[in-house]
>>> print(open('input_3.txt').read())   # compact mmCIF, C-alpha atoms and all ligand atoms
# COMPACT_ATOMS: atom_id res chain seq x y z
CA MET S 1 23.86 25.80 16.63
CA THR S 2 21.10 24.60 18.94
CA GLU S 3 18.25 22.40 17.70
CA LYS S 4 15.89 25.39 17.72
CA GLU S 5 18.35 27.48 15.72
CA VAL S 6 18.65 24.68 13.18
CA LEU S 7 14.86 24.63 12.87
CA GLU S 8 14.82 28.41 12.30
CA GLN S 9 17.40 27.98 9.53
CA ALA S 10 15.40 25.17 7.97
CA LYS S 11 12.20 27.23 8.04
CA LYS S 12 13.97 29.99 6.11
CA LEU S 13 14.73 27.43 3.40
CA PHE S 14 11.08 26.42 3.04
CA PRO S 15 10.32 28.25 -0.25
CA LYS S 16 13.46 26.75 -1.79
CA MET S 17 12.55 23.29 -0.50
CA GLN S 18 9.05 23.56 -1.88
CA LYS S 19 10.42 24.37 -5.33
CA ILE S 20 12.90 21.47 -5.21
CA ARG S 21 10.31 19.03 -3.92
CA ARG S 22 7.84 19.98 -6.64
CA ASP S 23 10.50 19.73 -9.36
CA ILE S 24 11.34 16.21 -8.20
CA HIS S 25 7.70 15.28 -7.68
CA SER S 26 6.71 16.19 -11.22
CA ASN S 27 9.67 14.27 -12.70
CA PRO S 28 9.57 10.90 -10.91
CA GLU S 29 11.74 8.03 -12.10
CA LEU S 30 11.56 4.30 -11.39
CA SER S 31 14.08 2.38 -9.30
CA PHE S 32 17.57 2.24 -10.81
CA LYS S 33 16.47 4.56 -13.64
CA GLU S 34 16.82 7.81 -11.67
CA PHE S 35 19.15 9.42 -14.26
CA GLU S 36 17.52 12.87 -14.37
CA THR S 37 16.95 12.90 -10.60
CA CYS S 38 20.63 12.09 -10.13
CA LYS S 39 21.63 14.99 -12.40
CA TYR S 40 19.24 17.32 -10.59
CA ILE S 41 20.71 16.42 -7.18
CA GLN S 42 24.23 16.99 -8.52
CA GLU S 43 23.18 20.41 -9.85
CA LYS S 44 21.80 21.40 -6.45
CA LEU S 45 24.92 20.21 -4.63
CA ASN S 46 27.16 22.00 -7.14
CA GLU S 47 25.21 25.24 -6.52
CA LEU S 48 26.03 24.79 -2.82
CA GLY S 49 29.70 24.17 -3.58
CA ILE S 50 29.49 20.60 -2.28
CA GLU S 51 31.73 18.15 -4.09
CA ASN S 52 29.86 15.04 -5.15
CA GLN S 53 30.04 12.00 -7.34
CA VAL S 54 27.76 9.43 -8.92
CA ILE S 55 27.60 6.02 -7.26
CA GLY S 56 25.72 2.92 -8.40
CA ASN S 57 24.81 4.49 -11.78
CA THR S 58 22.05 6.75 -10.46
CA GLY S 59 22.97 7.55 -6.87
CA VAL S 60 24.96 10.52 -5.56
CA VAL S 61 27.41 10.62 -2.68
CA ALA S 62 28.97 13.77 -1.23
CA THR S 63 30.92 14.81 1.84
CA ILE S 64 31.02 17.95 3.97
CA GLY S 65 33.67 18.72 6.61
CA ASN S 66 36.93 17.18 7.77
CA GLY S 67 38.12 14.94 10.56
CA ASP S 68 38.31 11.38 11.79
CA LYS S 69 34.68 10.71 12.60
CA CYS S 70 32.18 10.32 9.77
CA VAL S 71 28.41 10.19 9.95
CA GLY S 72 26.10 9.20 7.09
CA LEU S 73 22.76 10.75 6.19
CA ARG S 74 20.69 8.82 3.69
CA ALA S 75 17.75 9.73 1.46
CA ASP S 76 16.17 7.42 -1.11
CA ILE S 77 15.34 8.98 -4.49
CA ASP S 78 13.21 6.55 -6.54
CA ALA S 79 9.50 6.57 -7.42
CA LEU S 80 6.87 3.87 -8.02
CA PRO S 81 4.98 2.46 -11.04
CA ILE S 82 1.71 4.13 -10.00
CA ILE S 83 -0.61 6.42 -11.98
CA GLU S 84 -0.84 9.61 -9.93
CA ASP S 85 -4.33 10.68 -8.96
CA THR S 86 -3.71 13.67 -6.69
CA GLY S 87 -4.87 16.41 -9.06
CA LEU S 88 -1.93 18.56 -7.88
CA ASP S 89 -0.72 21.17 -10.34
CA PHE S 90 2.81 19.77 -9.94
CA ALA S 91 1.67 16.17 -10.43
CA SER S 92 3.83 13.61 -12.25
CA LYS S 93 4.69 14.39 -15.86
CA ASN S 94 5.90 10.80 -16.34
CA GLU S 95 2.72 8.85 -17.04
CA GLY S 96 2.48 5.79 -14.80
CA VAL S 97 5.28 6.84 -12.45
CA MET S 98 4.66 8.61 -9.15
CA HIS S 99 6.49 9.68 -6.02
CA ALA S 100 3.94 7.86 -3.86
CA CYS S 101 6.37 6.94 -1.09
CA GLY S 102 7.60 10.45 -0.31
CA HIS S 103 11.13 9.92 -1.62
CA ASP S 104 10.78 13.32 -3.35
CA MET S 105 10.53 14.84 0.13
CA HIS S 106 13.33 12.67 1.54
CA THR S 107 15.64 13.90 -1.24
CA THR S 108 14.60 17.53 -0.74
CA MET S 109 15.15 17.39 3.02
CA LEU S 110 18.66 15.99 2.54
CA ILE S 111 19.53 18.73 0.02
CA ALA S 112 18.30 21.37 2.49
CA ALA S 113 20.20 19.69 5.33
CA ALA S 114 23.31 19.81 3.13
CA GLU S 115 22.90 23.57 2.72
CA ILE S 116 22.73 24.14 6.50
CA LEU S 117 25.60 21.76 7.21
CA LYS S 118 27.76 23.38 4.52
CA SER S 119 27.23 26.77 6.19
CA MET S 120 28.77 25.41 9.39
CA GLU S 121 31.41 23.23 7.76
CA ASP S 122 34.35 24.62 9.77
CA SER S 123 32.78 23.85 13.13
CA LEU S 124 31.47 20.32 12.40
CA GLY S 125 34.38 18.47 13.96
CA GLY S 126 34.02 15.58 11.53
CA ILE S 127 32.74 14.48 8.15
CA ILE S 128 29.16 14.19 7.00
CA LYS S 129 28.52 11.84 4.12
CA LEU S 130 25.35 12.53 2.15
CA ILE S 131 23.94 9.47 0.46
CA PHE S 132 21.26 9.95 -2.20
CA GLN S 133 20.33 6.34 -2.76
CA PRO S 134 18.58 4.86 -5.81
CA GLY S 135 16.34 1.80 -6.00
CA GLU S 136 14.82 1.55 -2.52
CA GLU S 137 11.59 0.12 -3.93
CA LYS S 138 13.10 -2.75 -5.90
CA LEU S 139 15.05 -5.88 -4.99
CA PRO S 140 17.93 -6.27 -4.30
CA GLY S 141 17.63 -2.71 -2.94
CA GLY S 142 19.88 0.20 -3.85
CA ALA S 143 21.37 0.19 -0.35
CA SER S 144 22.89 -3.27 -0.86
CA ILE S 145 24.38 -2.18 -4.19
CA LEU S 146 25.83 1.05 -2.81
CA ILE S 147 27.38 -0.80 0.14
CA LYS S 148 29.04 -3.22 -2.32
CA GLU S 149 30.33 -0.20 -4.21
CA GLY S 150 31.92 1.11 -1.02
CA VAL S 151 29.56 3.88 0.07
CA LEU S 152 30.37 3.16 3.72
CA GLU S 153 34.15 3.35 3.09
CA ASN S 154 36.63 6.16 2.22
CA PRO S 155 35.96 7.82 4.54
CA LYS S 156 34.60 5.03 6.72
CA VAL S 157 31.10 5.83 7.99
CA ASN S 158 30.77 5.27 11.77
CA ALA S 159 27.00 5.65 12.05
CA ILE S 160 24.10 6.41 9.74
CA PHE S 161 20.70 8.08 10.00
CA GLY S 162 17.67 7.95 7.74
CA GLN S 163 14.03 9.00 7.78
CA HIS S 164 10.68 8.36 6.14
CA ILE S 165 7.56 10.41 5.84
CA TYR S 166 4.63 8.93 7.74
CA PRO S 167 0.98 9.60 6.82
CA GLY S 168 -0.08 7.88 10.04
CA GLU S 169 0.87 10.95 12.14
CA SER S 170 0.15 14.61 11.66
CA GLU S 171 2.70 17.20 10.57
CA GLY S 172 4.83 18.36 13.45
CA MET S 173 5.20 14.86 14.91
CA ILE S 174 8.30 12.67 14.99
CA SER S 175 7.98 8.99 15.85
CA LEU S 176 10.71 6.48 16.52
CA ASN S 177 11.85 3.69 18.78
CA SER S 178 14.91 1.54 19.27
CA GLY S 179 15.02 -2.13 18.30
CA PRO S 180 12.84 -3.63 15.54
CA VAL S 181 11.10 -1.00 13.42
CA MET S 182 10.32 -2.60 10.07
CA GLY S 183 10.07 -6.19 8.97
CA ALA S 184 11.94 -8.38 6.53
CA PRO S 185 9.70 -8.79 3.47
CA ASP S 186 10.10 -11.99 1.44
CA GLU S 187 8.23 -12.68 -1.79
CA LEU S 188 6.56 -16.07 -2.25
CA TYR S 189 5.70 -17.69 -5.58
CA PHE S 190 4.06 -21.10 -6.02
CA THR S 191 3.09 -23.09 -9.10
CA ILE S 192 0.93 -26.12 -8.33
CA ARG S 193 0.60 -28.66 -11.11
CA GLY S 194 -2.13 -31.34 -11.14
CA THR S 195 -3.87 -33.22 -13.95
CA SER S 196 -6.71 -31.56 -15.79
CA THR S 197 -9.97 -33.45 -16.12
CA HIS S 198 -13.73 -32.96 -16.64
CA ALA S 199 -15.16 -31.34 -13.51
CA ALA S 200 -17.76 -34.14 -13.34
CA GLN S 201 -15.05 -36.83 -13.36
CA PRO S 202 -12.57 -35.61 -10.73
CA GLN S 203 -11.40 -39.20 -10.13
CA LEU S 204 -9.62 -39.08 -13.51
CA GLY S 205 -7.37 -36.15 -12.58
CA HIS S 206 -5.54 -34.41 -9.73
CA ASP S 207 -7.14 -31.17 -8.66
CA PRO S 208 -4.61 -28.33 -8.09
CA ILE S 209 -7.38 -26.00 -6.88
CA VAL S 210 -8.15 -28.21 -3.88
CA ALA S 211 -4.41 -28.59 -3.21
CA ALA S 212 -3.96 -24.78 -3.39
CA SER S 213 -6.89 -24.22 -1.03
CA GLN S 214 -5.46 -26.65 1.53
CA LEU S 215 -2.05 -25.07 1.19
CA ILE S 216 -3.36 -21.56 1.90
CA ILE S 217 -5.10 -22.78 5.06
CA HIS S 218 -2.03 -24.79 6.07
CA PHE S 219 0.13 -21.65 5.86
CA GLN S 220 -2.05 -20.06 8.52
CA THR S 221 -1.38 -23.08 10.73
CA LEU S 222 2.36 -22.69 10.14
CA MET S 223 2.08 -19.12 11.41
CA THR S 224 0.31 -20.10 14.60
CA LYS S 225 1.93 -23.43 15.46
CA TYR S 226 5.53 -22.90 14.36
CA LYS S 227 6.05 -19.45 15.81
CA ASP S 228 6.45 -18.22 19.35
CA PRO S 229 3.22 -16.22 19.86
CA ILE S 230 5.30 -13.36 21.29
CA GLU S 231 7.25 -13.14 18.02
CA ALA S 232 5.82 -10.98 15.20
CA GLY S 233 5.28 -12.47 11.75
CA VAL S 234 2.71 -12.58 8.98
CA LEU S 235 2.15 -14.63 5.84
CA SER S 236 -0.40 -13.35 3.35
CA ILE S 237 -1.36 -15.02 0.08
CA THR S 238 -2.17 -12.12 -2.20
CA SER S 239 -2.89 -13.71 -5.56
CA ILE S 240 -4.49 -16.96 -6.74
CA ASN S 241 -4.88 -17.88 -10.39
CA GLY S 242 -6.06 -21.05 -12.09
CA GLY S 243 -8.81 -22.30 -14.36
CA ASN S 244 -11.17 -20.32 -16.58
CA THR S 245 -14.50 -22.08 -16.72
CA THR S 246 -17.06 -24.03 -14.63
CA ASN S 247 -16.69 -27.57 -15.94
CA VAL S 248 -12.95 -28.20 -16.21
CA ILE S 249 -10.51 -28.90 -13.42
CA PRO S 250 -7.39 -27.03 -14.57
CA ASP S 251 -3.92 -28.50 -14.55
CA GLU S 252 -2.22 -25.54 -12.88
CA VAL S 253 -2.74 -22.95 -10.12
CA LYS S 254 -0.39 -20.09 -9.34
CA LEU S 255 -0.17 -18.39 -5.94
CA MET S 256 1.76 -15.33 -4.82
CA GLY S 257 2.22 -13.92 -1.37
CA THR S 258 4.53 -12.38 1.18
CA LEU S 259 6.19 -13.46 4.42
CA ARG S 260 7.17 -10.71 6.87
CA SER S 261 9.25 -11.11 9.99
CA PHE S 262 11.67 -9.49 12.45
CA ASN S 263 13.53 -12.55 13.70
CA GLU S 264 16.12 -13.78 11.19
CA GLU S 265 16.39 -17.23 12.72
CA TRP S 266 12.65 -17.83 12.52
CA ARG S 267 12.62 -16.38 9.02
CA THR S 268 15.15 -18.97 7.82
CA GLN S 269 13.24 -21.76 9.55
CA MET S 270 9.99 -20.61 7.87
CA HIS S 271 11.54 -20.64 4.41
CA LYS S 272 12.48 -24.27 4.94
CA LEU S 273 9.06 -25.18 6.37
CA ILE S 274 7.14 -23.45 3.59
CA GLU S 275 9.16 -25.30 1.00
CA GLU S 276 9.00 -28.74 2.64
CA ASN S 277 5.35 -28.52 3.68
CA SER S 278 4.24 -27.31 0.25
CA VAL S 279 5.84 -30.28 -1.46
CA ALA S 280 4.48 -32.76 1.10
CA LEU S 281 0.96 -31.36 1.09
CA CYS S 282 0.67 -31.18 -2.68
CA LYS S 283 1.88 -34.78 -2.89
CA LEU S 284 -1.13 -35.83 -0.78
CA TYR S 285 -3.33 -34.44 -3.55
CA GLY S 286 -1.35 -36.04 -6.36
CA CYS S 287 0.07 -32.66 -7.36
CA GLU S 288 3.54 -31.21 -7.77
CA ILE S 289 4.66 -27.77 -6.72
CA ASP S 290 7.43 -25.31 -7.56
CA VAL S 291 8.24 -22.99 -4.68
CA GLU S 292 10.22 -19.81 -5.19
CA ILE S 293 11.08 -17.62 -2.21
CA LYS S 294 12.73 -14.30 -3.12
CA LYS S 295 14.50 -13.08 -0.04
CA GLY S 296 13.80 -9.41 0.59
CA TYR S 297 15.51 -6.84 2.78
CA PRO S 298 16.65 -7.62 6.34
CA PRO S 299 14.54 -6.18 9.17
CA VAL S 300 15.27 -2.60 10.22
CA ILE S 301 16.66 -2.69 13.76
CA ASN S 302 17.37 0.71 15.32
CA ASP S 303 20.55 1.15 17.36
CA GLU S 304 19.75 2.03 20.96
CA ALA S 305 22.34 4.79 21.53
CA LEU S 306 21.68 6.50 18.21
CA THR S 307 17.94 6.34 18.83
CA GLU S 308 18.35 7.94 22.26
CA LEU S 309 20.33 10.75 20.69
CA THR S 310 17.66 11.18 18.00
CA ILE S 311 14.82 11.20 20.53
CA SER S 312 16.59 13.98 22.41
CA ASN S 313 17.00 15.95 19.14
CA ALA S 314 13.33 15.45 18.29
CA LYS S 315 12.20 16.68 21.70
CA ASN S 316 14.19 19.86 21.18
CA ILE S 317 12.84 20.36 17.66
CA VAL S 318 9.14 19.46 17.92
CA GLY S 319 8.73 19.29 21.70
CA GLU S 320 8.26 16.41 24.10
CA ASP S 321 4.55 15.94 23.36
CA ASN S 322 5.16 15.64 19.64
CA THR S 323 7.93 13.05 19.97
CA ILE S 324 6.22 9.69 20.13
CA VAL S 325 6.96 6.00 20.06
CA PHE S 326 6.72 4.41 16.62
CA GLU S 327 4.79 1.15 16.71
CA PRO S 328 6.84 -1.30 14.56
CA LYS S 329 5.37 -2.10 11.15
CA MET S 330 5.92 -5.03 8.79
CA TRP S 331 6.75 -2.77 5.85
CA GLY S 332 10.13 -3.37 4.24
CA GLU S 333 12.90 -0.77 3.89
CA ASP S 334 16.35 -1.33 2.41
CA PHE S 335 17.87 1.08 4.97
CA ALA S 336 18.13 -2.22 6.89
CA PHE S 337 21.31 -3.08 4.94
CA TYR S 338 23.20 -0.16 6.48
CA GLY S 339 22.20 -1.32 9.96
CA LYS S 340 23.67 -4.75 9.19
CA ASN S 341 27.07 -3.06 8.77
CA ILE S 342 27.16 -0.10 11.16
CA PRO S 343 25.00 1.43 13.92
CA ALA S 344 21.93 2.96 12.26
CA THR S 345 18.68 4.58 13.21
CA PHE S 346 15.58 5.46 11.23
CA TRP S 347 12.68 7.72 12.25
CA PHE S 348 9.32 8.82 10.88
CA VAL S 349 8.19 12.33 10.06
CA GLY S 350 4.45 12.95 10.37
CA VAL S 351 3.00 14.42 7.16
CA ARG S 352 -0.76 14.30 7.68
CA PRO S 353 -2.18 17.80 7.19
CA LYS S 354 -3.34 19.20 10.53
CA ASN S 355 -6.95 19.58 9.38
CA LEU S 356 -7.28 15.90 8.38
CA LYS S 357 -7.99 12.91 10.64
CA LYS S 358 -6.96 10.45 7.93
CA MET S 359 -5.02 10.58 4.69
CA PRO S 360 -4.08 8.10 1.93
CA ALA S 361 -1.33 5.68 2.91
CA LEU S 362 2.14 5.32 1.39
CA HIS S 363 2.04 3.83 -2.15
CA ASN S 364 -1.47 5.23 -2.68
CA SER S 365 -2.11 7.12 -5.94
CA LYS S 366 -3.74 9.95 -3.96
CA LEU S 367 -0.90 10.45 -1.46
CA SER S 368 -0.29 14.15 -0.89
CA PRO S 369 1.88 14.69 2.19
CA SER S 370 2.07 18.06 3.91
CA GLU S 371 5.14 19.99 2.78
CA ASN S 372 5.12 21.82 6.13
CA ALA S 373 6.87 18.78 7.59
CA MET S 374 9.99 19.38 5.50
CA PRO S 375 11.77 21.90 7.77
CA ILE S 376 11.27 19.45 10.64
CA GLY S 377 12.71 16.49 8.73
CA THR S 378 15.58 18.68 7.59
CA SER S 379 16.32 19.73 11.18
CA MET S 380 16.21 16.11 12.29
CA LEU S 381 18.91 15.22 9.76
CA VAL S 382 21.09 18.22 10.60
CA THR S 383 20.91 17.73 14.37
CA ALA S 384 21.49 13.97 14.07
CA ALA S 385 24.71 14.67 12.20
CA ILE S 386 26.07 17.53 14.32
CA ASN S 387 25.13 16.04 17.66
CA TYR S 388 26.60 12.68 16.68
CA LEU S 389 29.88 14.35 15.73
CA ARG S 390 29.86 16.36 18.96
CA GLY S 391 29.74 12.97 20.70
ZN ZN S 401 7.78 2.65 -0.61
ZN ZN S 402 9.69 4.65 0.96
>>> encode(input="input_3.txt", output="structure tokens")
Amino acid sequence: MTEKEVLEQAKKLFPKMQKIRRDIHSNPELSFKEFETCKYIQEKLNELGIENQVIGNTGVVATIGNGDKCVGLRADIDALPIIEDTGLDFASKNEGVMHACGHDMHTTMLIAAAEILKSMEDSLGGIIKLIFQPGEEKLPGGASILIKEGVLENPKVNAIFGQHIYPGESEGMISLNSGPVMGAPDELYFTIRGTSTHAAQPQLGHDPIVAASQLIIHFQTLMTKYKDPIEAGVLSITSINGGNTTNVIPDEVKLMGTLRSFNEEWRTQMHKLIEENSVALCKLYGCEIDVEIKKGYPPVINDEALTELTISNAKNIVGEDNTIVFEPKMWGEDFAFYGKNIPATFWFVGVRPKNLKKMPALHNSKLSPSENAMPIGTSMLVTAAINYLRG
């Protein structure tokens, strides 16, 4: 099948996809609790005659075809703790949980891709492993758990592809690039302890608010003076809490934030610097500090050869003009774990309705991606798999 023929097939499946997507959208489940979603995926695969099994409690893995080579296709299936505010008639029925990252569409596109691939099973010339992965949104990331449980073995997966919807581009667009695509997100937690005193007698205490203020500014210096300016990285303090009145210096301030990077070596160096500098700086102010750095996912680095293959597929599916370079972002994505083990590539499917110049971002309670993008994403998955196996 040519790329165009795959797209024609995928378009025929649109009504079915819409139904599946809306079923999943209205029944979202949080990371690692995707029990009903898991059952639903199994039902759909069973209807297609595709053997499958549960992995990692709430994930599903299945294979199509036979042979020595094996290629993985991955979709994440979890939702977010967000109160949906789209007003859609198929909005979330689970109060406080929403598919606000498009994983409902990712799952649907992989089910549709499975249907097309199953129909050409005898001519695949290899094995396609479908991975419906739980817990993308929550540390340690479902990908790392599935890998530990052997998802990349038996049969051994030689290469893997994944995709994400992208509100930043309109429907009909595919964006991707090789090399760094998404950052490594680390969570930062600080507790600064001083000595409480009357605000009019600061000399009798140690002020954790002043120490916290200095620390926040110092972090910005770390980012500019301990990083090659060519290298990408960002540190944002996103929460500051301490004190509750005008005339008392409190004894404690809590900070939270995030560090994002592409370069693993610099990332490790920063963890050390943040820790050491925090202790030293707080000491200057007579305060103590607890630093907790929760290491997030690795950066997503796209394999060059696989990306070239995918770019060629995209050009045949959406045309040369609609295949564009993805500007790397500092979002995190646990697809990165697969890339640490085997060649991997990850692309973005534009979902902004054609008539809109702007739409709500990922993780926004009003996110309503265009379903018209689904046949394109499906075709991208199918062609990635068949063209990889064709070599
Ligand atoms: Zn997300
Ligand atoms: Zn996502």
>>> residues_near_ligand(input="input_3.txt", ligand="ligand ZN 402 (chain S)", cutoff="10 Å", atoms="only C-alpha atoms and all ligand atoms", output="compact mmCIF listing (two decimals) with C-alpha atoms, in the coordinates of the input")
# COMPACT_ATOMS: atom_id res chain seq x y z
CA ALA S 75 17.75 9.73 1.46
CA ASP S 76 16.17 7.42 -1.11
CA ILE S 77 15.34 8.98 -4.49
CA ASP S 78 13.21 6.55 -6.54
CA ALA S 79 9.50 6.57 -7.42
CA LEU S 80 6.87 3.87 -8.02
CA HIS S 99 6.49 9.68 -6.02
CA ALA S 100 3.94 7.86 -3.86
CA CYS S 101 6.37 6.94 -1.09
CA GLY S 102 7.60 10.45 -0.31
CA HIS S 103 11.13 9.92 -1.62
CA ASP S 104 10.78 13.32 -3.35
CA HIS S 106 13.33 12.67 1.54
CA GLU S 136 14.82 1.55 -2.52
CA GLU S 137 11.59 0.12 -3.93
CA GLN S 163 14.03 9.00 7.78
CA HIS S 164 10.68 8.36 6.14
CA ILE S 165 7.56 10.41 5.84
CA TYR S 166 4.63 8.93 7.74
CA TRP S 331 6.75 -2.77 5.85
CA GLY S 332 10.13 -3.37 4.24
CA GLU S 333 12.90 -0.77 3.89
CA ASP S 334 16.35 -1.33 2.41
CA PHE S 335 17.87 1.08 4.97
CA LEU S 362 2.14 5.32 1.39
CA HIS S 363 2.04 3.83 -2.15
>>> closest_residue(input="input_3.txt", among="S:Val318, S:Leu255, S:Leu13, S:Ile41", to="S:Ile174", atoms="only C-alpha atoms")
S:Val318
>>> closest_residue(input="input_3.txt", among="S:Ile64, S:Ile217, S:Ile317, S:Ile209", to="S:Pro375", atoms="all atoms listed in the file")
S:Ile317
>>> closest_residue(input="input_3.txt", among="S:Ile274, S:Ile240, S:Met109, S:Ala361", to="ligand ZN 401 (chain S)", atoms="all atoms listed in the file")
S:Ala361
>>> atom_distance(input="input_3.txt", atom1="atom CA of S:Thr195", atom2="atom CA of S:His218")
21.8 Å
